[in-house]
file query-v1.txt (compact mmCIF, C-alpha atoms)
# COMPACT_ATOMS: atom_id res chain seq x y z
CA MET M 19 15.67 22.94 20.13
CA ARG M 20 15.84 22.32 16.38
CA ILE M 21 16.08 18.79 15.02
CA ASP M 22 19.38 19.42 13.24
CA GLU M 23 20.96 20.48 16.55
CA SER M 24 20.54 17.01 18.06
CA MET M 25 20.84 14.57 15.16
CA LYS M 26 23.54 12.48 16.82
CA GLY M 27 21.76 11.88 20.11
CA ASN M 28 18.36 10.26 19.71
CA ASN M 29 15.94 7.70 21.09
CA PHE M 30 14.91 6.07 17.82
CA ASP M 31 15.96 2.59 18.92
CA PHE M 32 13.87 2.85 22.07
CA LEU M 33 10.88 4.13 20.09
CA ARG M 34 11.08 1.44 17.42
CA LEU M 35 11.26 -1.37 19.97
CA THR M 36 8.51 0.16 22.10
CA LEU M 37 6.21 0.48 19.09
CA ALA M 38 6.92 -3.12 18.07
CA VAL M 39 5.88 -4.24 21.57
CA LEU M 40 2.74 -2.11 21.29
CA VAL M 41 1.83 -4.13 18.20
CA ILE M 42 2.06 -7.31 20.30
CA PHE M 43 -0.26 -5.79 22.89
CA SER M 44 -2.76 -4.56 20.32
CA HIS M 45 -2.85 -7.89 18.48
CA SER M 46 -3.50 -9.69 21.77
CA PHE M 47 -7.12 -8.52 21.61
CA PRO M 48 -8.21 -9.98 18.23
CA LEU M 49 -5.87 -12.98 18.52
CA GLY M 50 -6.71 -13.82 22.12
CA ALA M 51 -10.32 -12.73 22.45
CA GLY M 52 -11.48 -12.62 18.84
CA SER M 53 -12.29 -8.91 18.88
CA GLU M 54 -10.48 -5.60 19.32
CA ILE M 55 -13.60 -3.76 20.48
CA HIS M 56 -12.09 -3.34 23.96
CA GLU M 57 -8.60 -2.39 22.76
CA PRO M 58 -7.68 0.71 24.83
CA LEU M 59 -6.81 3.18 22.07
CA ARG M 60 -9.77 2.04 19.99
CA VAL M 61 -12.04 2.85 22.93
CA LEU M 62 -10.33 6.20 23.58
CA THR M 63 -10.58 7.31 19.93
CA HIS M 64 -14.12 6.00 19.44
CA GLY M 65 -13.04 3.38 16.93
CA GLN M 66 -10.67 5.56 14.90
CA MET M 67 -7.35 4.04 15.95
CA THR M 68 -5.79 1.04 17.66
CA LEU M 69 -2.39 0.81 19.29
CA GLY M 70 -1.27 -1.50 16.50
CA ALA M 71 -2.24 1.00 13.80
CA PHE M 72 -0.73 3.78 15.92
CA ALA M 73 2.57 1.91 16.04
CA VAL M 74 2.67 1.08 12.32
CA ASP M 75 1.86 4.67 11.35
CA LEU M 76 4.68 6.01 13.53
CA PHE M 77 7.05 3.37 12.15
CA PHE M 78 6.36 4.91 8.74
CA VAL M 79 7.01 8.42 10.07
CA MET M 80 10.41 7.42 11.48
CA SER M 81 11.26 5.41 8.38
CA GLY M 82 10.52 8.38 6.14
CA PHE M 83 12.87 10.55 8.19
CA LEU M 84 15.71 8.02 8.36
CA ILE M 85 15.47 6.76 4.81
CA ALA M 86 15.36 10.26 3.35
CA GLY M 87 18.61 10.93 5.21
CA SER M 88 20.14 7.68 3.99
CA ALA M 89 19.14 8.42 0.37
CA GLU M 90 20.52 11.95 0.51
CA ARG M 91 23.88 10.76 1.83
CA SER M 92 24.33 7.58 -0.20
CA ARG M 93 27.07 7.86 -2.79
CA THR M 94 25.01 6.14 -5.47
CA LEU M 95 21.46 4.96 -5.99
CA GLY M 96 22.79 1.40 -6.12
CA SER M 97 24.43 1.66 -2.72
CA PHE M 98 21.21 3.02 -1.21
CA LEU M 99 19.15 0.15 -2.65
CA ARG M 100 21.68 -2.46 -1.55
CA LYS M 101 21.43 -1.22 2.03
CA ARG M 102 17.65 -1.34 1.94
CA VAL M 103 17.51 -4.84 0.45
CA SER M 104 20.10 -6.08 2.94
CA ARG M 105 18.11 -4.71 5.83
CA ILE M 106 14.67 -6.01 4.81
CA TYR M 107 15.02 -9.25 2.86
CA PRO M 108 17.29 -11.57 4.91
CA GLY M 109 15.16 -11.41 8.05
CA PHE M 110 11.96 -11.64 6.04
CA VAL M 111 13.11 -14.65 3.99
CA VAL M 112 14.20 -16.59 7.07
CA SER M 113 10.92 -15.73 8.78
CA ALA M 114 8.95 -16.92 5.74
CA LEU M 115 10.89 -20.21 5.70
CA LEU M 116 10.12 -20.75 9.38
CA MET M 117 6.45 -20.02 8.73
CA ALA M 118 6.41 -22.62 5.93
CA LEU M 119 8.50 -25.34 7.57
CA VAL M 120 7.63 -24.97 11.26
CA VAL M 121 4.59 -22.82 12.00
CA LEU M 122 2.36 -24.05 9.16
CA PRO M 123 2.64 -27.75 10.15
CA LEU M 124 2.12 -26.87 13.83
CA ALA M 125 -0.97 -24.88 12.85
CA SER M 126 -2.36 -27.92 10.99
CA GLY M 127 -2.50 -25.84 7.83
CA THR M 128 -1.42 -26.42 4.26
CA PHE M 129 -0.43 -24.38 1.26
CA ALA M 130 -3.41 -23.16 -0.73
CA GLU M 131 -2.16 -24.90 -3.89
CA ALA M 132 -2.45 -28.65 -4.44
CA SER M 133 0.78 -29.38 -6.32
CA TRP M 134 4.29 -28.85 -5.00
CA PRO M 135 5.44 -26.79 -8.05
CA ALA M 136 2.49 -24.42 -7.52
CA ARG M 137 3.28 -24.25 -3.80
CA LEU M 138 6.89 -23.38 -4.52
CA VAL M 139 5.88 -20.65 -6.97
CA ASN M 140 3.43 -19.28 -4.41
CA PHE M 141 6.10 -19.19 -1.69
CA VAL M 142 8.84 -17.67 -3.85
CA LEU M 143 6.69 -15.01 -5.49
CA GLN M 144 4.97 -13.94 -2.29
CA THR M 145 8.27 -13.81 -0.39
CA LEU M 146 9.89 -11.72 -3.12
CA ARG M 147 6.89 -9.40 -2.89
CA LEU M 148 7.36 -9.24 0.89
CA GLN M 149 3.95 -10.75 1.51
CA GLU M 150 2.67 -13.80 3.35
CA PHE M 151 2.30 -16.87 1.14
CA HIS M 152 -1.19 -18.31 0.63
CA VAL M 153 -2.29 -20.97 3.11
CA SER M 154 -5.49 -22.75 4.09
CA GLY M 155 -6.68 -24.48 7.24
CA ALA M 156 -4.23 -22.81 9.63
CA PHE M 157 -5.25 -22.19 13.27
CA VAL M 158 -8.85 -23.12 12.45
CA HIS M 159 -9.86 -23.31 16.12
CA ASN M 160 -8.26 -19.99 17.12
CA PRO M 161 -10.37 -16.85 17.57
CA TYR M 162 -8.48 -15.43 14.55
CA PRO M 163 -8.23 -18.38 12.14
CA GLY M 164 -6.52 -18.79 8.79
CA VAL M 165 -3.59 -16.39 9.23
CA LEU M 166 0.02 -17.32 10.04
CA ASN M 167 1.60 -13.89 10.22
CA GLY M 168 -0.81 -11.03 9.79
CA SER M 169 1.77 -8.41 10.76
CA VAL M 170 3.86 -8.62 7.59
CA TRP M 171 1.28 -6.87 5.39
CA SER M 172 2.96 -3.49 5.95
CA ILE M 173 6.48 -4.51 4.91
CA GLN M 174 5.82 -4.40 1.17
CA TYR M 175 4.46 -0.87 1.54
CA GLU M 176 7.57 0.22 3.39
CA PHE M 177 9.79 -1.22 0.66
CA TRP M 178 7.78 0.58 -2.02
CA CYS M 179 8.35 3.74 0.00
CA TYR M 180 12.10 3.02 -0.10
CA LEU M 181 11.88 2.89 -3.88
CA GLY M 182 9.82 6.08 -3.90
CA VAL M 183 12.44 7.92 -1.87
CA ALA M 184 15.14 6.59 -4.21
CA MET M 185 13.24 8.05 -7.17
CA MET M 186 12.80 11.36 -5.35
CA ALA M 187 16.54 11.50 -4.73
CA ALA M 188 17.36 10.50 -8.32
CA VAL M 189 15.25 13.28 -9.86
CA GLY M 190 16.35 15.88 -7.31
CA LEU M 191 12.99 16.17 -5.54
CA LEU M 192 14.63 15.82 -2.12
CA ARG M 193 16.23 19.21 -2.84
CA ARG M 194 12.81 20.74 -3.55
CA ARG M 195 11.39 20.53 -0.08
CA GLY M 196 8.55 22.91 -0.82
CA TRP M 197 7.22 20.43 -3.37
CA VAL M 198 7.57 17.56 -0.91
CA LEU M 199 5.65 19.56 1.70
CA ALA M 200 2.88 20.19 -0.84
CA CYS M 201 2.74 16.46 -1.66
CA PHE M 202 2.47 15.67 2.04
CA VAL M 203 -0.43 18.07 2.60
CA ALA M 204 -2.17 16.73 -0.51
CA SER M 205 -1.72 13.16 0.69
CA VAL M 206 -3.39 14.01 4.01
CA ALA M 207 -6.33 15.58 2.16
CA ILE M 208 -6.69 12.46 0.02
CA SER M 209 -6.48 10.25 3.11
CA VAL M 210 -9.28 12.24 4.77
CA ALA M 211 -11.38 11.94 1.61
CA PHE M 212 -10.87 8.16 1.49
CA GLN M 213 -11.88 7.81 5.11
CA ALA M 214 -14.80 10.22 5.03
CA GLN M 215 -16.27 8.89 1.78
CA GLY M 216 -15.53 5.23 2.47
CA TRP M 217 -13.85 4.82 -0.91
CA ILE M 218 -12.77 1.27 -1.74
CA PHE M 219 -10.68 0.54 -4.81
CA GLY M 220 -8.36 -2.27 -5.84
CA GLY M 221 -8.47 -5.84 -7.01
CA LYS M 222 -6.98 -5.16 -10.42
CA LEU M 223 -3.43 -5.93 -11.53
CA ALA M 224 -1.92 -2.64 -10.34
CA GLY M 225 -3.52 -3.08 -6.94
CA ARG M 226 -2.18 -6.61 -6.59
CA ILE M 227 1.33 -5.45 -7.47
CA LEU M 228 1.53 -2.06 -5.76
CA GLY M 229 -0.89 -2.65 -2.90
CA SER M 230 -4.30 -1.46 -1.80
CA PRO M 231 -5.21 2.18 -2.63
CA GLN M 232 -6.97 2.40 0.74
CA LEU M 233 -3.80 1.39 2.57
CA TRP M 234 -1.70 3.77 0.49
CA ALA M 235 -4.13 6.55 1.38
CA ARG M 236 -3.55 5.72 5.03
CA LEU M 237 0.22 5.10 5.04
CA LEU M 238 1.67 7.57 2.53
CA PRO M 239 0.93 10.70 4.62
CA PHE M 240 2.94 9.25 7.49
CA TYR M 241 5.93 8.36 5.35
CA LEU M 242 5.90 11.78 3.70
CA ALA M 243 5.58 13.38 7.16
CA GLY M 244 8.91 11.78 8.07
CA VAL M 245 10.51 12.97 4.83
CA VAL M 246 9.20 16.50 5.43
CA PHE M 247 10.56 16.56 8.99
CA TYR M 248 13.96 15.49 7.66
CA LEU M 249 14.03 18.10 4.89
CA PHE M 250 12.89 20.88 7.25
CA ARG M 251 15.05 19.74 10.18
CA ASP M 252 16.80 23.12 10.23
CA ARG M 253 13.48 24.92 10.65
CA ILE M 254 11.37 22.70 12.90
CA LYS M 255 11.69 23.42 16.62
CA LEU M 256 10.80 20.77 19.17
CA HIS M 257 9.41 22.08 22.43
CA VAL M 258 7.37 20.72 25.31
CA TRP M 259 4.60 23.20 24.51
CA GLY M 260 4.46 21.97 20.94
CA ALA M 261 4.23 18.38 22.17
CA SER M 262 1.46 19.37 24.60
CA LEU M 263 -0.46 21.07 21.81
CA ALA M 264 -0.07 17.98 19.60
CA LEU M 265 -1.44 15.76 22.38
CA ALA M 266 -4.37 18.12 22.94
CA ALA M 267 -5.14 18.10 19.21
CA LEU M 268 -5.24 14.29 19.20
CA LEU M 269 -7.55 14.23 22.22
CA VAL M 270 -9.95 16.62 20.48
CA ALA M 271 -9.66 14.61 17.25
CA SER M 272 -10.79 11.51 19.14
CA TRP M 273 -14.28 13.03 19.32
CA VAL M 274 -14.44 14.18 15.68
CA HIS M 275 -15.32 11.98 12.70
CA VAL M 276 -12.09 11.20 10.78
CA GLY M 277 -10.35 13.54 13.20
CA TRP M 278 -7.37 11.26 13.69
CA THR M 279 -6.97 10.82 9.94
CA ALA M 280 -6.64 14.58 9.55
CA VAL M 281 -4.56 15.35 12.65
CA PHE M 282 -2.37 12.33 13.37
CA PRO M 283 0.09 12.75 10.43
CA PHE M 284 0.96 16.22 11.79
CA ALA M 285 0.62 15.75 15.55
CA GLY M 286 1.91 12.18 15.61
CA ALA M 287 5.00 13.11 13.63
CA TYR M 288 5.74 16.03 15.93
CA LEU M 289 5.32 13.88 19.03
CA VAL M 290 7.49 11.04 17.80
CA PHE M 291 10.34 13.40 16.91
CA TYR M 292 9.94 15.29 20.17
CA VAL M 293 10.46 12.01 22.07
CA ALA M 294 13.20 10.88 19.65
CA PHE M 295 15.31 14.00 20.22
CA ALA M 296 14.37 14.90 23.80
CA ARG M 297 17.63 15.24 25.68
CA TRP M 298 15.90 14.68 29.03
CA ILE M 299 14.95 11.13 27.98
CA PRO M 300 18.24 9.22 28.52
CA LEU M 301 17.56 6.24 26.23
CA GLN M 302 20.11 6.89 23.50
CA ARG M 303 21.95 3.62 24.15
CA VAL M 304 18.99 1.24 24.04
CA GLY M 305 20.12 -0.11 20.66
CA ARG M 306 23.77 -0.64 21.51
CA PHE M 307 23.30 -4.43 21.51
CA GLY M 308 21.37 -4.50 18.24
CA ASP M 309 18.15 -3.53 16.51
CA PHE M 310 15.52 -6.00 17.71
CA SER M 311 12.44 -4.13 16.50
CA TYR M 312 12.24 -5.81 13.08
CA GLY M 313 12.49 -9.31 14.53
CA THR M 314 9.87 -8.40 17.12
CA TYR M 315 7.55 -7.30 14.34
CA LEU M 316 8.23 -10.43 12.27
CA TYR M 317 7.65 -13.05 14.97
CA ALA M 318 5.07 -11.66 17.40
CA PHE M 319 1.96 -12.64 15.43
CA PRO M 320 2.78 -16.34 14.87
CA ILE M 321 3.98 -16.71 18.45
CA GLU M 322 0.69 -15.33 19.73
CA GLN M 323 -1.25 -17.63 17.40
CA LEU M 324 0.70 -20.66 18.62
CA LEU M 325 0.13 -19.72 22.25
CA VAL M 326 -3.62 -19.41 21.73
CA MET M 327 -3.65 -22.76 19.92
CA ALA M 328 -1.82 -24.33 22.87
CA PHE M 329 -4.52 -23.05 25.24
CA GLY M 330 -7.21 -24.46 23.00
CA HIS M 331 -9.60 -21.60 23.71
CA ALA M 332 -9.79 -17.81 23.89
CA VAL M 333 -7.12 -16.16 26.04
CA ALA M 334 -7.38 -12.92 28.00
CA PRO M 335 -5.47 -10.26 26.04
CA TRP M 336 -3.33 -9.17 29.00
CA LEU M 337 -2.29 -12.78 29.68
CA LEU M 338 -1.51 -13.42 26.02
CA PHE M 339 0.59 -10.25 25.89
CA ALA M 340 2.49 -11.22 29.05
CA LEU M 341 3.29 -14.67 27.67
CA ALA M 342 4.06 -13.66 24.09
CA THR M 343 6.29 -10.65 24.70
CA PRO M 344 9.33 -12.37 26.26
CA LEU M 345 9.16 -15.20 23.70
CA THR M 346 8.95 -12.68 20.87
CA LEU M 347 11.86 -10.62 22.17
CA LEU M 348 13.92 -13.80 22.44
CA ALA M 349 13.09 -14.64 18.82
CA ALA M 350 14.01 -11.07 17.82
CA VAL M 351 17.41 -11.32 19.51
CA VAL M 352 18.10 -14.62 17.72
CA SER M 353 16.97 -13.09 14.41
CA TRP M 354 19.34 -10.16 14.84
CA TYR M 355 22.42 -12.13 15.86
CA ALA M 356 21.84 -15.18 13.65
CA VAL M 357 20.54 -13.49 10.51
CA GLU M 358 20.07 -9.74 10.19
CA ARG M 359 23.39 -8.34 11.36
CA TRP M 360 25.42 -10.56 9.02
CA PHE M 361 24.00 -8.80 5.97
CA LEU M 362 25.13 -5.39 7.12
CA ARG M 363 28.58 -4.03 6.38
CA PRO M 364 31.12 -5.44 8.89
CA GLU M 365 31.72 -2.06 10.51
CA ARG M 366 27.96 -1.66 11.01
CA ARG M 367 27.23 -5.04 12.59
CA LYS M 368 27.41 -3.65 16.11
CA GLU M 369 25.29 -0.70 15.17
CA ASN M 370 21.80 -0.37 13.80
CA LEU M 371 19.77 1.15 11.01
CA VAL M 372 19.34 4.41 12.90
CA ALA M 373 23.07 4.98 13.25
CA GLU M 374 23.59 4.17 9.59
CA ALA M 375 20.82 6.46 8.40
CA ILE M 376 21.85 9.41 10.55
CA GLU M 377 25.59 9.15 10.15
CA GLY M 378 25.41 8.12 6.50
CA GLU M 379 28.40 7.86 4.22
CA ARG M 380 29.25 11.55 3.94
CA PRO M 381 29.12 14.57 6.24
CA LEU M 382 25.63 15.86 7.00
CA PRO M 383 24.63 18.24 4.18
CA VAL M 384 23.40 21.76 4.76
CA VAL M 385 19.90 22.41 3.40
CA SER M 386 19.38 25.84 1.88
CA ALA M 387 16.70 27.88 3.61
CA ASN M 388 15.05 28.70 0.27
CA ALA M 389 15.25 25.22 -1.24
call {"tool": "encode", "arguments": {"input": "query-v1.txt", "output": "structure tokens"}}
result
Amino acid sequence: MRIDESMKGNNFDFLRLTLAVLVIFSHSFPLGAGSEIHEPLRVLTHGQMTLGAFAVDLFFVMSGFLIAGSAERSRTLGSFLRKRVSRIYPGFVVSALLMALVVLPLASGTFAEASWPARLVNFVLQTLRLQEFHVSGAFVHNPYPGVLNGSVWSIQYEFWCYLGVAMMAAVGLLRRRGWVLACFVASVAISVAFQAQGWIFGGKLAGRILGSPQLWARLLPFYLAGVVFYLFRDRIKLHVWGASLALAALLVASWVHVGWTAVFPFAGAYLVFYVAFARWIPLQRVGRFGDFSYGTYLYAFPIEQLLVMAFGHAVAPWLLFALATPLTLLAAVVSWYAVERWFLRPERRKENLVAEAIEGERPLPVVSANA
């Protein structure tokens, strides 16, 4: 089965929500117990990967695939950017306001700045940059003190990737899929070098604006993997034997230094698209009531922090996960119906980002075999 043969029927909504819940589970270890040393995937991979990192990386793979499709089918660059801003910023801004007005006082924290004008500038600039605003004294008695919403760090990187895809579309690079494939392979090599050599850069102005080079080295291969799978969707075949081989490669990589860094962008991308387009997995209608994955990602961390604070001591990760998940999903449903869906086009309010990205605004283009 080739990807382009099953573009309309997919399990992306199920995967996105499942991965968002995996982040809740993974964060339950450092937030509840103060350490992720016993986190299951970290143990299995000998410290190379956690379920939270696993989920974020695969989010970037799926985003690269869907956003490349959206960019290719958008009528104009402006319409593409409007859709991306409308999808990311409203939910994030409301979440940031709730962090400042509700969660921060409950956490007995304050803004890092002394004066109200400086606090306002801090909040506005950090929110525009899709980052958490600076605070002090929050959750000081929790096992993981000082952080209101540690999950949102990845959102700015995703938005920069949106802009990168827009530039690729504008200069025609999305029609040069051989070049994109070469960039993907190069990015994996650079990621392995960063991990193997322990390179640490950043701290200067470019790093503060664009993000950490170390994080870019980690995340960019996954986003480009998604773009590559979209551009080669007429060539890539998804088969149970391929998925089995990808799983076997990851198991072997778990025993090799930086093995997951080298293998996961390839094997993880194949696995996620195998599950996304597997016809025998009947989960295509999971998102018919809305896309709750973004809200889940936005609100899980502060909800877990508040629950631990209410206990007043460390909490068993499994218990924290069991308590936080239904509360987080409830917050995600409210976020979708009260905020996120109203910034989509009226005809898309009952649908989700996946439907928009796959169906697009024009018929699905045919990619030349020698492009």
call {"tool": "residues_around", "arguments": {"input": "query-v1.txt", "residues": "range 317-333 of chain M", "least_positions_apart": "4", "cutoff": "6 Å", "atoms": "all atoms listed in the file", "output": "PDB file with C-alpha atoms, keeping the file's coordinate frame"}}
result
ATOM      1  CA  GLY M  50      -6.710 -13.820  22.120  1.00  0.00           C
ATOM      2  CA  ALA M  51     -10.320 -12.730  22.450  1.00  0.00           C
ATOM      3  CA  LEU M 166       0.020 -17.320  10.040  1.00  0.00           C
ATOM      4  CA  ASN M 167       1.600 -13.890  10.220  1.00  0.00           C
ATOM      5  CA  ALA M 342       4.060 -13.660  24.090  1.00  0.00           C
ATOM      6  CA  THR M 346       8.950 -12.680  20.870  1.00  0.00           C
TER       7      THR M 346
END
call {"tool": "closest_atom_pairs", "arguments": {"input": "query-v1.txt", "of": "range 37-128 of chain M", "to": "range 172-177 of chain M", "cutoff": "12 Å", "atoms": "only C-alpha atoms", "output": "tab-separated table"}}
result
residue	atom	partner	partner_atom	distance
M:Gly70	CA	M:Ser172	CA	11.5
M:Ala71	CA	M:Ser172	CA	10.4
M:Ala73	CA	M:Ser172	CA	11.5
M:Val74	CA	M:Ser172	CA	7.8
M:Asp75	CA	M:Ser172	CA	9.8
M:Phe77	CA	M:Glu176	CA	9.3
M:Phe78	CA	M:Glu176	CA	7.2
M:Val79	CA	M:Glu176	CA	10.6
M:Met80	CA	M:Glu176	CA	11.2
M:Ser81	CA	M:Glu176	CA	8.1
M:Gly82	CA	M:Glu176	CA	9.1
M:Ile85	CA	M:Glu176	CA	10.4
M:Leu99	CA	M:Phe177	CA	10.0
M:Lys101	CA	M:Phe177	CA	11.7
M:Arg102	CA	M:Phe177	CA	8.0
M:Val103	CA	M:Phe177	CA	8.5
M:Ser104	CA	M:Phe177	CA	11.6
M:Arg105	CA	M:Phe177	CA	10.4
M:Ile106	CA	M:Phe177	CA	8.0
M:Tyr107	CA	M:Phe177	CA	9.8
M:Gly109	CA	M:Ile173	CA	11.5
M:Phe110	CA	M:Ile173	CA	9.1
call {"tool": "closest_residue", "arguments": {"input": "query-v1.txt", "among": "M:Val111, M:Cys179, M:Val351, M:Val293", "to": "Asp309 in chain M", "atoms": "all atoms listed in the file"}}
result
M:Val351
call {"tool": "atom_distance", "arguments": {"input": "query-v1.txt", "atom1": "CA of Gly277 in chain M", "atom2": "CA of Thr63 in chain M"}}
result
9.2 Å
call {"tool": "atom_distance", "arguments": {"input": "query-v1.txt", "atom1": "CA of Leu76 in chain M", "atom2": "CA of Ala280 in chain M"}}
result
14.7 Å
call {"tool": "closest_residue", "arguments": {"input": "query-v1.txt", "among": "M:Ser44, M:Ser311, M:Ser169, M:Thr36", "to": "Leu59 in chain M", "atoms": "all atoms listed in the file"}}
result
M:Ser44
call {"tool": "residues_around", "arguments": {"input": "query-v1.txt", "residues": "Phe219 in chain M", "least_positions_apart": "2", "cutoff": "7 Å", "atoms": "all atoms listed in the file", "output": "list of chain:residue names"}}
result
M:Trp217, M:Pro231, M:Gln232
call {"tool": "residues_around", "arguments": {"input": "query-v1.txt", "residues": "Ala261 in chain M", "least_positions_apart": "5", "cutoff": "7 Å", "atoms": "only C-alpha atoms", "output": "PDB file with C-alpha atoms, keeping the file's coordinate frame"}}
result
ATOM      1  CA  TYR M 288       5.740  16.030  15.930  1.00  0.00           C
ATOM      2  CA  LEU M 289       5.320  13.880  19.030  1.00  0.00           C
ATOM      3  CA  TYR M 292       9.940  15.290  20.170  1.00  0.00           C
TER       4      TYR M 292
END
call {"tool": "closest_residue", "arguments": {"input": "query-v1.txt", "among": "M:Val165, M:Met117, M:Leu269, M:Leu192", "to": "Ser88 in chain M", "atoms": "only C-alpha atoms"}}
result
M:Leu192
call {"tool": "atom_distance", "arguments": {"input": "query-v1.txt", "atom1": "CA of Pro335 in chain M", "atom2": "CA of Ser46 in chain M"}}
result
4.7 Å
call {"tool": "closest_residue", "arguments": {"input": "query-v1.txt", "among": "M:Arg60, M:His152, M:Arg253, M:His159", "to": "Thr128 in chain M", "atoms": "only C-alpha atoms"}}
result
M:His152
call {"tool": "closest_residue", "arguments": {"input": "query-v1.txt", "among": "M:Ile299, M:Ala187, M:Leu49, M:Ile55", "to": "Leu337 in chain M", "atoms": "only C-alpha atoms"}}
result
M:Leu49
call {"tool": "closest_residue", "arguments": {"input": "query-v1.txt", "among": "M:Phe247, M:Trp360, M:Phe282, M:Tyr355", "to": "Leu199 in chain M", "atoms": "all atoms listed in the file"}}
result
M:Phe247
call {"tool": "residues_around", "arguments": {"input": "query-v1.txt", "residues": "range 123-126 of chain M", "least_positions_apart": "2", "cutoff": "6 Å", "atoms": "all atoms listed in the file", "output": "list in words"}}
result
Val120, Val121, Ala156 and Phe157 of chain M
